[in-house]
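So this one's structure05.cif, mmCIF, C-alpha atoms:
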```cif
data_upload
loop_
_atom_site.group_PDB
_atom_site.id
_atom_site.type_symbol
_atom_site.label_atom_id
_atom_site.label_comp_id
_atom_site.auth_asym_id
_atom_site.auth_seq_id
_atom_site.Cartn_x
_atom_site.Cartn_y
_atom_site.Cartn_z
ATOM 1 C CA MET A 1 -5.728 -13.023 -5.413
ATOM 2 C CA SER A 2 -3.429 -12.937 -8.354
ATOM 3 C CA SER A 3 -1.336 -16.075 -8.102
ATOM 4 C CA ALA A 4 -1.631 -18.843 -10.567
ATOM 5 C CA GLY A 5 -2.960 -22.017 -9.071
ATOM 6 C CA GLN A 6 -6.308 -23.078 -7.729
ATOM 7 C CA ALA A 7 -7.196 -20.130 -5.541
ATOM 8 C CA PRO A 8 -8.719 -18.089 -8.392
ATOM 9 C CA GLU A 9 -10.832 -21.132 -9.357
ATOM 10 C CA VAL A 10 -12.549 -20.856 -5.997
ATOM 11 C CA PHE A 11 -13.733 -17.398 -6.997
ATOM 12 C CA ASP A 12 -14.842 -18.587 -10.426
ATOM 13 C CA ARG A 13 -17.585 -20.415 -8.529
ATOM 14 C CA ARG A 14 -19.039 -17.112 -7.347
ATOM 15 C CA PRO A 15 -22.473 -16.441 -8.774
ATOM 16 C CA LYS A 16 -22.934 -13.497 -11.109
ATOM 17 C CA ARG A 17 -26.539 -12.516 -10.285
ATOM 18 C CA ALA A 18 -26.856 -10.023 -7.431
ATOM 19 C CA ASP A 19 -29.268 -12.105 -5.333
ATOM 20 C CA ALA A 20 -27.218 -15.263 -5.747
ATOM 21 C CA ARG A 21 -24.069 -13.315 -4.942
ATOM 22 C CA ARG A 22 -25.641 -12.008 -1.710
ATOM 23 C CA ASN A 23 -26.485 -15.590 -0.701
ATOM 24 C CA TYR A 24 -22.950 -16.711 -1.520
ATOM 25 C CA ASP A 25 -21.406 -13.886 0.501
ATOM 26 C CA SER A 26 -23.802 -14.563 3.407
ATOM 27 C CA LEU A 27 -22.801 -18.225 3.377
ATOM 28 C CA ILE A 28 -19.092 -17.344 3.451
ATOM 29 C CA ALA A 29 -19.615 -14.956 6.389
ATOM 30 C CA ALA A 30 -21.786 -17.458 8.267
ATOM 31 C CA ALA A 31 -19.324 -20.297 7.659
ATOM 32 C CA ARG A 32 -16.398 -18.177 8.849
ATOM 33 C CA GLU A 33 -18.293 -17.407 12.049
ATOM 34 C CA ALA A 34 -19.404 -21.021 12.581
ATOM 35 C CA PHE A 35 -15.897 -22.408 11.932
ATOM 36 C CA ALA A 36 -14.347 -19.867 14.290
ATOM 37 C CA GLU A 37 -16.805 -20.856 17.032
ATOM 38 C CA ASN A 38 -17.100 -24.612 16.475
ATOM 39 C CA GLY A 39 -14.125 -25.640 14.360
ATOM 40 C CA ALA A 40 -14.247 -27.541 11.101
ATOM 41 C CA ALA A 41 -16.973 -29.826 12.449
ATOM 42 C CA ALA A 42 -19.501 -26.974 12.473
ATOM 43 C CA SER A 43 -22.861 -28.085 11.154
ATOM 44 C CA LEU A 44 -23.632 -27.093 7.573
ATOM 45 C CA GLU A 45 -27.267 -26.727 8.600
ATOM 46 C CA ASP A 46 -26.120 -24.166 11.173
ATOM 47 C CA VAL A 47 -24.144 -22.340 8.477
ATOM 48 C CA ALA A 48 -27.222 -22.177 6.228
ATOM 49 C CA ARG A 49 -29.413 -21.004 9.137
ATOM 50 C CA ARG A 50 -26.939 -18.262 10.085
ATOM 51 C CA ALA A 51 -26.835 -17.136 6.459
ATOM 52 C CA GLY A 52 -30.621 -17.025 6.276
ATOM 53 C CA VAL A 53 -30.793 -19.521 3.396
ATOM 54 C CA GLY A 54 -31.911 -23.102 2.962
ATOM 55 C CA ILE A 55 -29.514 -26.038 2.972
ATOM 56 C CA GLY A 56 -30.196 -26.513 -0.759
ATOM 57 C CA THR A 57 -28.774 -23.041 -1.438
ATOM 58 C CA LEU A 58 -25.667 -23.942 0.532
ATOM 59 C CA TYR A 59 -25.150 -27.120 -1.504
ATOM 60 C CA ARG A 60 -25.784 -25.324 -4.823
ATOM 61 C CA ASN A 61 -22.921 -22.983 -3.980
ATOM 62 C CA PHE A 62 -20.698 -25.497 -2.195
ATOM 63 C CA PRO A 63 -21.326 -29.090 -3.331
ATOM 64 C CA THR A 64 -19.025 -30.475 -0.628
ATOM 65 C CA ARG A 65 -17.792 -29.391 2.790
ATOM 66 C CA ARG A 66 -14.311 -29.055 1.263
ATOM 67 C CA HIS A 67 -15.604 -26.534 -1.303
ATOM 68 C CA LEU A 68 -16.906 -24.427 1.577
ATOM 69 C CA PHE A 69 -13.623 -24.758 3.509
ATOM 70 C CA GLU A 70 -11.650 -23.651 0.458
ATOM 71 C CA ALA A 71 -13.895 -20.672 -0.247
ATOM 72 C CA VAL A 72 -13.804 -19.440 3.363
ATOM 73 C CA TYR A 73 -10.043 -19.919 3.570
ATOM 74 C CA VAL A 74 -9.338 -18.134 0.290
ATOM 75 C CA GLU A 75 -11.755 -15.304 1.111
ATOM 76 C CA GLY A 76 -9.960 -14.746 4.432
ATOM 77 C CA VAL A 77 -6.599 -14.606 2.679
ATOM 78 C CA ARG A 78 -8.002 -12.279 0.043
ATOM 79 C CA GLU A 79 -9.335 -9.867 2.675
ATOM 80 C CA LEU A 80 -6.084 -10.009 4.657
ATOM 81 C CA CYS A 81 -3.987 -9.284 1.585
ATOM 82 C CA HIS A 82 -6.283 -6.508 0.385
ATOM 83 C CA SER A 83 -6.115 -4.861 3.807
ATOM 84 C CA ALA A 84 -2.368 -4.258 3.346
ATOM 85 C CA GLU A 85 -3.148 -1.780 0.556
ATOM 86 C CA GLY A 86 -5.233 0.350 2.895
ATOM 87 C CA LEU A 87 -2.365 0.816 5.338
ATOM 88 C CA ALA A 88 -0.051 2.783 3.053
ATOM 89 C CA GLU A 89 -0.928 6.097 4.689
ATOM 90 C CA LEU A 90 0.153 4.946 8.148
ATOM 91 C CA PRO A 91 3.716 5.310 9.414
ATOM 92 C CA PRO A 92 5.766 2.169 8.586
ATOM 93 C CA TRP A 93 5.696 0.639 12.084
ATOM 94 C CA ASP A 94 1.997 1.308 12.568
ATOM 95 C CA ALA A 95 1.173 -0.165 9.148
ATOM 96 C CA LEU A 96 3.113 -3.365 9.832
ATOM 97 C CA VAL A 97 1.654 -3.789 13.322
ATOM 98 C CA ALA A 98 -1.913 -3.156 12.109
ATOM 99 C CA TRP A 99 -1.494 -5.753 9.373
ATOM 100 C CA LEU A 100 0.021 -8.299 11.762
ATOM 101 C CA HIS A 101 -2.933 -7.819 14.117
ATOM 102 C CA ARG A 102 -5.222 -8.577 11.168
ATOM 103 C CA PHE A 103 -3.082 -11.622 10.390
ATOM 104 C CA VAL A 104 -3.624 -12.922 13.927
ATOM 105 C CA ALA A 105 -7.396 -12.388 13.640
ATOM 106 C CA TYR A 106 -7.398 -14.199 10.284
ATOM 107 C CA ALA A 107 -5.393 -17.091 11.727
ATOM 108 C CA ALA A 108 -8.133 -17.825 14.293
ATOM 109 C CA THR A 109 -10.368 -18.992 11.434
ATOM 110 C CA LYS A 110 -7.473 -20.444 9.473
ATOM 111 C CA ARG A 111 -6.623 -22.916 12.215
ATOM 112 C CA ALA A 112 -9.866 -24.866 11.827
ATOM 113 C CA LEU A 113 -9.718 -24.739 8.056
ATOM 114 C CA ALA A 114 -6.011 -25.484 7.690
ATOM 115 C CA GLU A 115 -6.579 -28.820 9.408
ATOM 116 C CA GLN A 116 -9.000 -29.707 6.620
ATOM 117 C CA LEU A 117 -6.859 -28.437 3.747
ATOM 118 C CA LEU A 118 -3.594 -30.143 2.991
ATOM 119 C CA HIS A 119 -0.646 -27.856 3.675
ATOM 120 C CA ASP A 120 0.938 -28.975 0.411
ATOM 121 C CA SER A 121 -2.202 -28.318 -1.650
ATOM 122 C CA GLU A 122 -2.107 -25.796 -4.487
ATOM 123 C CA ILE A 123 -4.663 -23.598 -2.743
ATOM 124 C CA PHE A 124 -2.642 -23.506 0.469
ATOM 125 C CA ALA A 125 0.571 -22.724 -1.459
ATOM 126 C CA SER A 126 -1.141 -20.046 -3.548
ATOM 127 C CA CYS A 127 -2.587 -18.385 -0.452
ATOM 128 C CA ARG A 128 0.792 -18.454 1.308
ATOM 129 C CA THR A 129 2.335 -16.755 -1.730
ATOM 130 C CA GLU A 130 -0.350 -14.056 -1.579
ATOM 131 C CA ILE A 131 0.199 -13.465 2.142
ATOM 132 C CA PHE A 132 3.923 -13.007 1.581
ATOM 133 C CA ALA A 133 3.290 -10.681 -1.383
ATOM 134 C CA ALA A 134 1.073 -8.498 0.829
ATOM 135 C CA GLY A 135 3.208 -8.516 3.978
ATOM 136 C CA LYS A 136 6.753 -8.275 2.635
ATOM 137 C CA PRO A 137 6.386 -4.704 1.321
ATOM 138 C CA LEU A 138 5.103 -3.568 4.727
ATOM 139 C CA MET A 139 8.097 -5.200 6.400
ATOM 140 C CA ARG A 140 10.611 -3.795 3.893
ATOM 141 C CA ARG A 141 9.123 -0.323 4.355
ATOM 142 C CA ALA A 142 9.425 -0.615 8.147
ATOM 143 C CA GLN A 143 13.010 -1.888 7.854
ATOM 144 C CA ALA A 144 13.910 0.951 5.483
ATOM 145 C CA ALA A 145 12.529 3.409 8.056
ATOM 146 C CA GLY A 146 14.722 1.802 10.727
ATOM 147 C CA VAL A 147 11.808 0.767 12.937
ATOM 148 C CA VAL A 148 12.188 -2.996 12.354
ATOM 149 C CA ARG A 149 15.377 -5.010 12.741
ATOM 150 C CA ASP A 150 17.150 -5.644 9.467
ATOM 151 C CA ASP A 151 18.494 -9.053 10.521
ATOM 152 C CA ILE A 152 15.116 -10.797 10.205
ATOM 153 C CA GLY A 153 13.021 -11.750 7.225
ATOM 154 C CA PHE A 154 9.312 -11.799 6.668
ATOM 155 C CA ASP A 155 9.336 -15.597 6.942
ATOM 156 C CA ASP A 156 10.688 -15.196 10.499
ATOM 157 C CA VAL A 157 7.821 -12.867 11.360
ATOM 158 C CA VAL A 158 5.189 -15.178 9.857
ATOM 159 C CA ARG A 159 6.564 -18.107 11.862
ATOM 160 C CA LEU A 160 6.588 -16.012 15.049
ATOM 161 C CA ILE A 161 3.015 -14.842 14.561
ATOM 162 C CA SER A 162 1.817 -18.280 13.418
ATOM 163 C CA GLY A 163 3.301 -19.830 16.539
ATOM 164 C CA LEU A 164 1.416 -17.316 18.650
ATOM 165 C CA THR A 165 -1.859 -18.165 16.984
ATOM 166 C CA MET A 166 -1.522 -21.811 17.995
ATOM 167 C CA ALA A 167 -1.671 -20.916 21.691
ATOM 168 C CA GLN A 168 -4.964 -20.882 23.558
ATOM 169 C CA PHE A 169 -5.626 -17.588 25.329
ATOM 170 C CA PRO A 170 -8.341 -17.102 27.948
ATOM 171 C CA SER A 171 -9.127 -13.670 26.532
ATOM 172 C CA PRO A 172 -8.416 -11.517 23.489
ATOM 173 C CA GLY A 173 -6.748 -9.043 25.851
ATOM 174 C CA GLN A 174 -4.107 -11.552 26.862
ATOM 175 C CA ARG A 175 -3.552 -12.547 23.217
ATOM 176 C CA ASP A 176 -3.017 -8.875 22.336
ATOM 177 C CA ARG A 177 -0.547 -8.403 25.224
ATOM 178 C CA VAL A 178 1.474 -11.450 24.150
ATOM 179 C CA LEU A 179 1.395 -10.241 20.542
ATOM 180 C CA GLY A 180 2.669 -6.862 21.743
ATOM 181 C CA VAL A 181 5.613 -8.539 23.478
ATOM 182 C CA ALA A 182 6.403 -10.476 20.300
ATOM 183 C CA LEU A 183 6.170 -7.344 18.167
ATOM 184 C CA ASP A 184 8.537 -5.513 20.524
ATOM 185 C CA GLY A 185 11.110 -8.138 19.526
ATOM 186 C CA LEU A 186 10.956 -6.833 15.949
ATOM 187 C CA ARG A 187 12.237 -3.429 16.970
ATOM 188 C CA PRO A 188 15.946 -2.695 16.536
ATOM 189 C CA GLN A 189 17.939 -3.316 19.680
ATOM 190 C CA ALA A 190 19.568 -0.298 21.316
ATOM 191 C CA GLU A 191 23.325 -0.442 20.866
ATOM 192 C CA SER A 192 25.288 -1.505 23.920
ATOM 193 C CA ARG A 193 26.986 1.302 25.736
#
```
Starting from the coordinates I provided, produce the structure as structure tokens.
Amino acid sequence: MSSAGQAPEVFDRRPKRADARRNYDSLIAAAREAFAENGAAASLEDVARRAGVGIGTLYRNFPTRRHLFEAVYVEGVRELCHSAEGLAELPPWDALVAWLHRFVAYAATKRALAEQLLHDSEIFASCRTEIFAAGKPLMRRAQAAGVVRDDIGFDDVVRLISGLTMAQFPSPGQRDRVLGVALDGLRPQAESR
């Protein structure tokens, strides 16, 4: 993450020693999993158990529940944004769609965490800036190739996808079908005959 603001401070908390770093990373992964399954009320003891560390190690890395929320949230944004770089070799439409699918997967964890983080907080604003910085080039590239409508902006797409992530789906298959319908709406309309 490159924005000014608090998001980089979250990563300043990362330990430097390899063993401590492994514990930190394990805690982030375990917390992401626990929050996705049980929401923001997930037990910190469960997070520590899943990570294979003691509760004291969790609290050394994350003195409060909010510190853990922030770290998991920022790490998810960081991974999402970094994934955009790896899509440059794909055709423009495929790159945009692949990234938007990752955005939907990220948003499943974000929902529980976003409730705990204020939407007007510096971390939330910094992460939103990073998401736009990663996604806009993919959208512009797809629009330049003529495979995405030119009358919509990236903000429109984020709102569309974010709205989708608020719905409850009985299966990932149905979520993917609905996402496919939404993505079809991004394609240029055939001219009337």
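The residue set within 7 Å of A:Ala95, counting only C-alpha atoms and dropping same-chain residues fewer than 6 places from it, reads Leu87, Ala88 and Leu138 of chain A.
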For this session: Using atom CA of A:Glu130 and atom CA of A:His67 as the two end points, give the distance in Å to one decimal.
Result: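 Calculated distance between atom CA of A:Glu130 and atom CA of A:His67 is 19.7 Å.
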Exercise. What do you get, as a list in words, if you spell out every residue that the PyMOL selection byres ((chain A and resi 61) around 10) selects here?
Worked result: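 Evaluating the PyMOL selection byres ((chain A and resi 61) around 10) on this file yields Arg13, Arg14, Pro15, Ala20, Arg21, Asn23, Tyr24, Leu27, Gly56, Thr57, Leu58, Tyr59, Arg60, Phe62, Pro63, Thr64, His67 and Leu68 of chain A.
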For this session: Using the chain letters and residue numbers of this document, give as JSON, numbers by chain the residues selected by the PyMOL selection byres ((chain A and resi 127) around 8).
Result: {"A": [1, 7, 74, 77, 123, 124, 125, 126, 128, 129, 130, 131]}
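The shortest atom-to-atom distance to A:Arg175, with all atoms listed in the file taken into account, belongs to A:Val104 out of A:Leu80, A:Ala134, A:Ala31, A:Val104.
Between atom CA of A:Ala107 and atom CA of A:Ala84 there is a distance of 15.6 Å.
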